[in-house]
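One structure is given here, and the rest of the page talks about it.
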Amino acid sequence: MPIDDMVEQSGFDLGVFREGIIDNLRAIDPLGEGNLYGLPIESTLMVMYYNKDIFDRLGESYPVEGMTWEEALELAKKLTREVDGVQYKGLALEPSYAIPYTQFAIPGTDPETGEVLFTQDPNTKRVFDWLDKLRNIPGLMDMDEARPDGFGGNGQNIAMWISTAPWLPLLAPVEGLNFDMTSVPVWEDMPGIAPTTPAMPFNITKHSENKEAAWAVISHLATEEGQKVLSAAGSAPTYDSEEVFALFGHMDLEDGATYNVQAPFINQMGELPPYSKYGPQVTFHGDNFITAKAREFLESDVDVVTYLRQMEEEYTTIVAEMKAKE
C-alpha cells in the first residue's frame, strides 16, 4: 500500500535519504501517480573492483574516480593480453552488461501507447556502440573452458570488474586477491552520474493487521542507527551520511583492512524513466530484456543498427502479447 500518509502522520523526514532514491521509487509507481510504496532500506549500488596485482604486473596505473567509459575501454585494451601463459582480461561487467544503460533515463516504451522506442532514443545506440567497441577488443570475449575467467576465486585474471557493492565482504577473504574499488565509469557529458536501479524498499501490504507495528520496524531500519548496522553488515545504505558510508562492510572485514568503501556513494544516481506497464524494466534482481539483449549482442557479430531494429521488432511482439491479455 502507499505509505505517504504514514510518512506524514509520523513526521518521518524523507530528506535523510541519498538524493534521487525517493524520486526513483516514485517514478516506478505502477499507477503513474508518484506514490511511495515503501521506505528504501538497501541500495542496489554498483562499484568497480580492480585487481592491483594485474595492474602492477602489466605496468598500468589504477583506475580513478571520474573515469569515463571511453577511458575504461582504452584501459581495458591495454590490460587484455596474455602474459606468461595467463590471458588477462581488462574489463567485465557482471551480472549486467547493461550497467552503462542505467545511467540514462531511457524510456523503452511509450507509457500510453506501448510504442517501442529503442531505435528512436540516441542514448540506446550510444550504449550499444560502446558495447560494440568492448566486444571488439582482441581476446576480451574469448572463452577458455579449461580455465574460466574470474575476478576472485581460482581465475583472478580480470583486471576490472563492475558489479554490486555487497561483493566487498565476499571478496575480502579470498586468498591471494589484492584488490580495491573505485566508482563506476561515467559518460563524458554526464560527470558524477552513477548507474541506477530502484533501491530495495520494505513495504506494508494493505491486508496487514499490524500496519503500525510494521511501520515501526521499517522506519527504524531507515534511521541513521538502523542504517549503520545494515551498512556494517554489507547492505549498501540509503541514508545520506558519510559516517554511515564509512562503516560499509566493516562487520566482515579483517581488522586493519583498508578499502575505498566510500566508492559506491561518490556519484549521484541517475534518474529512472517514468513507469510504463509495457516495460522493459531494468531491475537489479533477476534477468530482464535489456540485460539479456546486451549479453546476446556481445556474443553476436550483428552490427548495432541492425541489432537495435531486431530488438525493437522482438519487443513490439512482446508488447502486442501484453495488450492482447488486457
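Residues in the C-alpha cells are named by chain (A, B, ... in the order shown) and by number from 1 within that chain; ligands are numbered from 1 in the order shown.
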
For A:Arg309, work out the shell of residues within 10 Å, counting only C-alpha atoms and skipping chain neighbours fewer than 5 positions away, then give it as a list in words.
Phe118, Thr119, Val304, Glu314 and Tyr315 of chain A

Saved selection, atoms kept: all heavy atoms, as a compact mmCIF listing (two decimals), in the first residue's frame:
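Once written, result15.txt looks like this:
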# COMPACT_ATOMS: atom_id res chain seq x y z
N PHE A 118 13.30 1.83 -28.94
CA PHE A 118 14.73 1.53 -28.96
C PHE A 118 15.48 2.27 -30.07
O PHE A 118 16.59 2.76 -29.86
CB PHE A 118 14.97 0.03 -29.11
CG PHE A 118 14.43 -0.80 -27.98
CD1 PHE A 118 13.97 -2.08 -28.19
CD2 PHE A 118 14.39 -0.30 -26.68
CE1 PHE A 118 13.47 -2.85 -27.15
CE2 PHE A 118 13.88 -1.05 -25.63
CZ PHE A 118 13.43 -2.34 -25.87
N THR A 119 14.93 2.32 -31.27
CA THR A 119 15.64 2.94 -32.38
C THR A 119 15.47 4.45 -32.40
O THR A 119 16.15 5.14 -33.17
CB THR A 119 15.16 2.36 -33.73
OG1 THR A 119 13.76 2.66 -33.90
CG2 THR A 119 15.37 0.86 -33.80
N VAL A 304 25.31 -2.71 -34.90
CA VAL A 304 24.47 -2.04 -33.90
C VAL A 304 23.10 -1.67 -34.46
O VAL A 304 22.06 -1.95 -33.85
CB VAL A 304 25.17 -0.80 -33.35
CG1 VAL A 304 24.22 0.00 -32.44
CG2 VAL A 304 26.42 -1.20 -32.57
N GLU A 314 11.36 -7.51 -31.85
CA GLU A 314 11.09 -8.56 -30.86
C GLU A 314 10.25 -8.02 -29.71
O GLU A 314 9.28 -8.66 -29.28
CB GLU A 314 12.41 -9.12 -30.32
CG GLU A 314 12.23 -10.24 -29.31
CD GLU A 314 13.55 -10.80 -28.82
OE1 GLU A 314 14.60 -10.50 -29.42
OE2 GLU A 314 13.53 -11.53 -27.81
N TYR A 315 10.59 -6.83 -29.24
CA TYR A 315 9.85 -6.30 -28.10
C TYR A 315 8.47 -5.80 -28.50
O TYR A 315 7.53 -5.83 -27.70
CB TYR A 315 10.63 -5.20 -27.39
CG TYR A 315 10.18 -5.05 -25.95
CD1 TYR A 315 10.62 -5.96 -24.98
CD2 TYR A 315 9.30 -4.07 -25.57
CE1 TYR A 315 10.18 -5.89 -23.67
CE2 TYR A 315 8.85 -3.98 -24.26
CZ TYR A 315 9.29 -4.89 -23.32
OH TYR A 315 8.84 -4.82 -22.02

From a DSSP calculation on the backbone, collect every residue of stretch 62-111 of chain A in helix (DSSP H, G or I) and output the set as a PyMOL selection string.
chain A and resi 69-79+99-103

Store the residues picked out above, limited to N, CA, C and O atoms, as an mmCIF file, in the first residue's frame.
data_model
loop_
_atom_site.group_PDB
_atom_site.id
_atom_site.type_symbol
_atom_site.label_atom_id
_atom_site.label_comp_id
_atom_site.auth_asym_id
_atom_site.auth_seq_id
_atom_site.Cartn_x
_atom_site.Cartn_y
_atom_site.Cartn_z
ATOM 1 N N TRP A 69 33.628 6.111 -19.653
ATOM 2 C CA TRP A 69 33.515 4.794 -20.278
ATOM 3 C C TRP A 69 34.521 4.643 -21.415
ATOM 4 O O TRP A 69 35.056 3.544 -21.639
ATOM 5 N N GLU A 70 34.808 5.708 -22.140
ATOM 6 C CA GLU A 70 35.804 5.629 -23.215
ATOM 7 C C GLU A 70 37.189 5.394 -22.636
ATOM 8 O O GLU A 70 37.982 4.622 -23.186
ATOM 9 N N GLU A 71 37.498 6.041 -21.529
ATOM 10 C CA GLU A 71 38.789 5.819 -20.867
ATOM 11 C C GLU A 71 38.880 4.394 -20.332
ATOM 12 O O GLU A 71 39.961 3.766 -20.371
ATOM 13 N N ALA A 72 37.763 3.871 -19.847
ATOM 14 C CA ALA A 72 37.750 2.486 -19.360
ATOM 15 C C ALA A 72 38.033 1.511 -20.505
ATOM 16 O O ALA A 72 38.726 0.504 -20.320
ATOM 17 N N LEU A 73 37.488 1.809 -21.690
ATOM 18 C CA LEU A 73 37.757 0.976 -22.864
ATOM 19 C C LEU A 73 39.243 0.961 -23.205
ATOM 20 O O LEU A 73 39.823 -0.100 -23.470
ATOM 21 N N GLU A 74 39.852 2.135 -23.219
ATOM 22 C CA GLU A 74 41.273 2.225 -23.552
ATOM 23 C C GLU A 74 42.119 1.467 -22.537
ATOM 24 O O GLU A 74 43.082 0.784 -22.907
ATOM 25 N N LEU A 75 41.754 1.573 -21.268
ATOM 26 C CA LEU A 75 42.486 0.847 -20.232
ATOM 27 C C LEU A 75 42.269 -0.651 -20.377
ATOM 28 O O LEU A 75 43.198 -1.452 -20.205
ATOM 29 N N ALA A 76 41.044 -1.038 -20.726
ATOM 30 C CA ALA A 76 40.745 -2.460 -20.914
ATOM 31 C C ALA A 76 41.572 -3.050 -22.053
ATOM 32 O O ALA A 76 42.023 -4.201 -21.989
ATOM 33 N N LYS A 77 41.774 -2.273 -23.118
ATOM 34 C CA LYS A 77 42.596 -2.739 -24.241
ATOM 35 C C LYS A 77 44.023 -3.039 -23.787
ATOM 36 O O LYS A 77 44.609 -4.058 -24.150
ATOM 37 N N LYS A 78 44.569 -2.151 -22.973
ATOM 38 C CA LYS A 78 45.952 -2.320 -22.513
ATOM 39 C C LYS A 78 46.105 -3.509 -21.577
ATOM 40 O O LYS A 78 47.182 -4.120 -21.504
ATOM 41 N N LEU A 79 45.033 -3.838 -20.876
ATOM 42 C CA LEU A 79 45.094 -4.901 -19.868
ATOM 43 C C LEU A 79 44.615 -6.249 -20.394
ATOM 44 O O LEU A 79 44.643 -7.237 -19.655
ATOM 45 N N ILE A 99 24.784 -2.172 -17.478
ATOM 46 C CA ILE A 99 25.071 -1.174 -16.451
ATOM 47 C C ILE A 99 25.211 0.236 -17.039
ATOM 48 O O ILE A 99 24.635 1.193 -16.509
ATOM 49 N N PRO A 100 25.954 0.430 -18.153
ATOM 50 C CA PRO A 100 26.056 1.793 -18.701
ATOM 51 C C PRO A 100 24.709 2.366 -19.133
ATOM 52 O O PRO A 100 24.525 3.584 -19.130
ATOM 53 N N TYR A 101 23.781 1.500 -19.489
ATOM 54 C CA TYR A 101 22.442 1.905 -19.932
ATOM 55 C C TYR A 101 21.681 2.589 -18.804
ATOM 56 O O TYR A 101 20.893 3.509 -19.039
ATOM 57 N N THR A 102 21.921 2.137 -17.573
ATOM 58 C CA THR A 102 21.126 2.635 -16.444
ATOM 59 C C THR A 102 21.569 4.011 -15.966
ATOM 60 O O THR A 102 20.992 4.543 -15.009
ATOM 61 N N GLN A 103 22.585 4.594 -16.599
ATOM 62 C CA GLN A 103 22.944 5.974 -16.254
ATOM 63 C C GLN A 103 22.080 6.977 -17.009
ATOM 64 O O GLN A 103 22.087 8.161 -16.694
#

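Shortest atom-to-atom contact with A:Pro173 among A:Thr196, A:Thr109, A:Phe128, A:Asp252: A:Asp252, counting only C-alpha atoms.
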
For A:Leu31: contacts at 10 Å, only C-alpha atoms, fewer than 4 positions along chain excluded, given as number ranges by chain:
A: 27, 35, 275-277

Write out as a PyMOL selection string the set of residues from stretch 82-294 of chain A that DSSP, computed on the backbone, places in strand (DSSP E or B).
chain A and resi 82-83+86-87+89-93+109+116+158-164+179-182+186+193-194+200-203+239+268-269

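Checking A:Val261, A:Ala292, A:Val86, A:Ala199 one by one against A:Ile22, counting only C-alpha atoms, you find the shortest gap at A:Ala199.
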
With a distance cut-off of 10 Å and only C-alpha atoms, select the neighbouring residues of A:Gly279, excluding the residue or stretch itself and same-chain residues fewer than 4 positions from it, and output the selection as a short mmCIF file (atom, residue, chain, number, x, y, z; two decimals) with N, CA, C and O atoms, in the first residue's frame.
data_model
loop_
_atom_site.label_atom_id
_atom_site.label_comp_id
_atom_site.auth_asym_id
_atom_site.auth_seq_id
_atom_site.Cartn_x
_atom_site.Cartn_y
_atom_site.Cartn_z
N PRO A 107 13.52 5.75 -21.83
CA PRO A 107 12.20 5.12 -21.88
C PRO A 107 12.16 4.06 -22.98
O PRO A 107 12.34 4.37 -24.15
N GLY A 108 11.97 2.81 -22.59
CA GLY A 108 11.94 1.74 -23.60
C GLY A 108 10.66 1.72 -24.40
O GLY A 108 10.65 1.36 -25.58
N THR A 109 9.55 2.13 -23.76
CA THR A 109 8.26 2.17 -24.44
C THR A 109 7.50 3.43 -24.03
O THR A 109 7.75 4.00 -22.96
N ASP A 110 6.59 3.84 -24.88
CA ASP A 110 5.70 4.95 -24.54
C ASP A 110 4.68 4.45 -23.52
O ASP A 110 3.97 3.47 -23.78
N PRO A 111 4.59 5.07 -22.32
CA PRO A 111 3.69 4.59 -21.28
C PRO A 111 2.23 4.56 -21.70
O PRO A 111 1.44 3.77 -21.18
N GLY A 114 2.45 2.16 -25.67
CA GLY A 114 3.24 0.93 -25.75
C GLY A 114 4.20 0.91 -26.92
O GLY A 114 4.88 -0.10 -27.15
N VAL A 116 7.39 0.95 -28.97
CA VAL A 116 8.75 0.62 -28.58
C VAL A 116 9.70 1.66 -29.16
O VAL A 116 9.62 2.00 -30.34
N TYR A 275 7.42 5.18 -15.18
CA TYR A 275 6.95 3.80 -15.26
C TYR A 275 6.08 3.58 -16.50
O TYR A 275 5.22 4.40 -16.83
N ASN A 288 16.45 -9.39 -17.20
CA ASN A 288 15.47 -8.51 -17.82
C ASN A 288 15.84 -8.37 -19.29
O ASN A 288 16.92 -8.77 -19.72
N PHE A 289 14.96 -7.81 -20.07
CA PHE A 289 15.12 -7.78 -21.52
C PHE A 289 16.39 -7.05 -21.94
O PHE A 289 17.15 -7.55 -22.78
N TYR A 315 10.59 -6.83 -29.24
CA TYR A 315 9.85 -6.30 -28.10
C TYR A 315 8.47 -5.80 -28.50
O TYR A 315 7.53 -5.83 -27.70
N ILE A 318 6.31 -8.61 -28.02
CA ILE A 318 6.03 -8.82 -26.60
C ILE A 318 4.94 -7.86 -26.12
O ILE A 318 4.02 -8.25 -25.38
N VAL A 319 5.03 -6.60 -26.54
CA VAL A 319 4.01 -5.61 -26.17
C VAL A 319 2.65 -6.01 -26.71
O VAL A 319 1.61 -5.88 -26.03
#

Residues near A:Gly34, anyone? I mean within 9 Å using only C-alpha atoms, not counting same-chain ones fewer than 5 positions away, as an MDAnalysis selection string.
chainID A and resid 23 25:29

Can you write out the residues you just picked, keeping N, CA and C atoms, as a PDB file, in the first residue's frame?
ATOM      1  N   ASP A  23      12.802   9.845  -5.357  1.00  0.00           N
ATOM      2  CA  ASP A  23      12.285  10.189  -6.689  1.00  0.00           C
ATOM      3  C   ASP A  23      12.209   8.953  -7.574  1.00  0.00           C
ATOM      4  N   LEU A  25      11.893   5.800  -6.618  1.00  0.00           N
ATOM      5  CA  LEU A  25      10.818   4.913  -6.173  1.00  0.00           C
ATOM      6  C   LEU A  25       9.452   5.453  -6.600  1.00  0.00           C
ATOM      7  N   ARG A  26       9.296   6.754  -6.560  1.00  0.00           N
ATOM      8  CA  ARG A  26       8.022   7.335  -7.006  1.00  0.00           C
ATOM      9  C   ARG A  26       7.853   7.161  -8.517  1.00  0.00           C
ATOM     10  N   ALA A  27       8.972   7.148  -9.253  1.00  0.00           N
ATOM     11  CA  ALA A  27       8.907   7.028 -10.716  1.00  0.00           C
ATOM     12  C   ALA A  27       8.373   5.677 -11.158  1.00  0.00           C
ATOM     13  N   ILE A  28       8.488   4.657 -10.297  1.00  0.00           N
ATOM     14  CA  ILE A  28       8.038   3.323 -10.707  1.00  0.00           C
ATOM     15  C   ILE A  28       6.670   2.968 -10.112  1.00  0.00           C
ATOM     16  N   ASP A  29       5.945   3.964  -9.622  1.00  0.00           N
ATOM     17  CA  ASP A  29       4.562   3.730  -9.185  1.00  0.00           C
ATOM     18  C   ASP A  29       3.757   3.240 -10.390  1.00  0.00           C
TER      19      ASP A  29
END

Kindly assemble as JSON lines a list of the stretch 202-303 of chain A residues that lie within 7 Å of stretch 5-21 of chain A, each paired with its nearest atom pair and their distance in Å to one decimal, using only C-alpha atoms, sorted first by chain and then by ascending residue number.
{"residue": "A:Thr238", "atom": "CA", "partner": "A:Phe17", "partner_atom": "CA", "distance": 5.5}
{"residue": "A:Tyr239", "atom": "CA", "partner": "A:Phe17", "partner_atom": "CA", "distance": 4.5}
{"residue": "A:Asp240", "atom": "CA", "partner": "A:Arg18", "partner_atom": "CA", "distance": 4.6}
{"residue": "A:Gln268", "atom": "CA", "partner": "A:Glu19", "partner_atom": "CA", "distance": 6.9}
{"residue": "A:Met269", "atom": "CA", "partner": "A:Gly20", "partner_atom": "CA", "distance": 6.3}
{"residue": "A:Glu271", "atom": "CA", "partner": "A:Gly20", "partner_atom": "CA", "distance": 6.9}

Name all residues at most 9 Å from stretch 177-186 of chain A (count only C-alpha atoms; drop same-chain ones fewer than 6 positions away) and give them as a VMD selection string.
chain A and resid 46 to 53 63 to 72 100 103 151 to 153 156 162 168 171 192 to 195 258 to 267

If we count only C-alpha atoms and set the cut-off at 10 Å, which residues sit around A:Ile54, ignoring sequence neighbours fewer than 5 positions away in its own chain? Please answer as a ChimeraX atom specification.
/A:59-60,62,79,88-90,156-160,178-179

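Between atom CA of A:Met141 and atom CA of A:Pro122 there is a distance of 25.7 Å.
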
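Closest approach to A:Gly150 among A:Thr223, A:Thr205, A:Asn210, A:Gln87 is made by A:Gln87 (distances from only C-alpha atoms).
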
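Atom pair atom CA of A:Lys293 / atom CA of A:Val305 has a distance of 13.7 Å (rounded to one decimal).
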
As an exercise, work out the distance from atom CA of A:Leu272 to atom CA of A:Asn24 in Å and give it to one decimal place.
5.7 Å

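Between A:Glu112 and the candidates A:Glu225, A:Tyr278, A:Leu230, A:Tyr97, the tightest atom-to-atom separation, counting only C-alpha atoms, involves A:Tyr278.
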